[in-house]
Amino acid sequence: MGDLLIKGFKDAPPAQGISGSKRRARSDFGKIIKESINRVDTLEREADRSVIDLLQGKADIHVAMIALQKADTSMRILLTVRNKVIDAYREIMRMQF
């Protein structure tokens, strides 16, 4: 049984130290998600503005298409990340400890 011990396990930090880092990690993750959503929203607004400019004759079609593609790609990436996070959460909830 002695060979099944995990090296360094005795040196692990106490539970109190872990909770503080978890709180910080949650707030950092939350900030990252909020910033990502804001960036996607900004790209969506720029795309909308470029379409309006195109319809008014103030912009070329290639500018509008690039803005639309940027907004579409960023939204798809955001949705993919969201789906992965939800899948990971569901997988963790299925685990038995």
# chains A, B, ... in the order shown; residues from 1 in each chain; ligands from 1
$ residues_around --residues "A:Ala64" --least-positions-apart "2" --cutoff "6 Å" --atoms "only C-alpha atoms" --output "count of residues only"
6
$ atom_distance --atom1 "atom CA of A:Arg39" --atom2 "atom CA of A:Val85"
18.7 Å
$ closest_residue --among "A:Ile86, A:Val63, A:Ile33, A:Leu79" --to "A:Arg49" --atoms "only C-alpha atoms"
A:Val63
$ residues_around --residues "stretch 68-75 of chain A" --least-positions-apart "5" --cutoff "8 Å" --atoms "only C-alpha atoms" --output "number ranges by chain"
A: 40, 43-44, 47-48
$ write_last_selection --atoms "N, CA and C atoms" --output "PDB file, in the first residue's frame"
ATOM      1  N   VAL A  40     -17.985  40.781 -28.541  1.00  0.00           N
ATOM      2  CA  VAL A  40     -18.892  40.258 -29.568  1.00  0.00           C
ATOM      3  C   VAL A  40     -20.003  41.267 -29.829  1.00  0.00           C
ATOM      4  N   LEU A  43     -18.667  44.068 -31.950  1.00  0.00           N
ATOM      5  CA  LEU A  43     -18.535  43.663 -33.355  1.00  0.00           C
ATOM      6  C   LEU A  43     -19.893  43.591 -34.043  1.00  0.00           C
ATOM      7  N   GLU A  44     -20.907  43.146 -33.322  1.00  0.00           N
ATOM      8  CA  GLU A  44     -22.261  43.093 -33.894  1.00  0.00           C
ATOM      9  C   GLU A  44     -22.756  44.504 -34.212  1.00  0.00           C
ATOM     10  N   ALA A  47     -21.003  45.813 -37.246  1.00  0.00           N
ATOM     11  CA  ALA A  47     -21.545  45.190 -38.451  1.00  0.00           C
ATOM     12  C   ALA A  47     -22.872  45.837 -38.836  1.00  0.00           C
ATOM     13  N   ASP A  48     -23.717  46.078 -37.844  1.00  0.00           N
ATOM     14  CA  ASP A  48     -24.992  46.747 -38.127  1.00  0.00           C
ATOM     15  C   ASP A  48     -24.759  48.143 -38.711  1.00  0.00           C
TER      16      ASP A  48
END
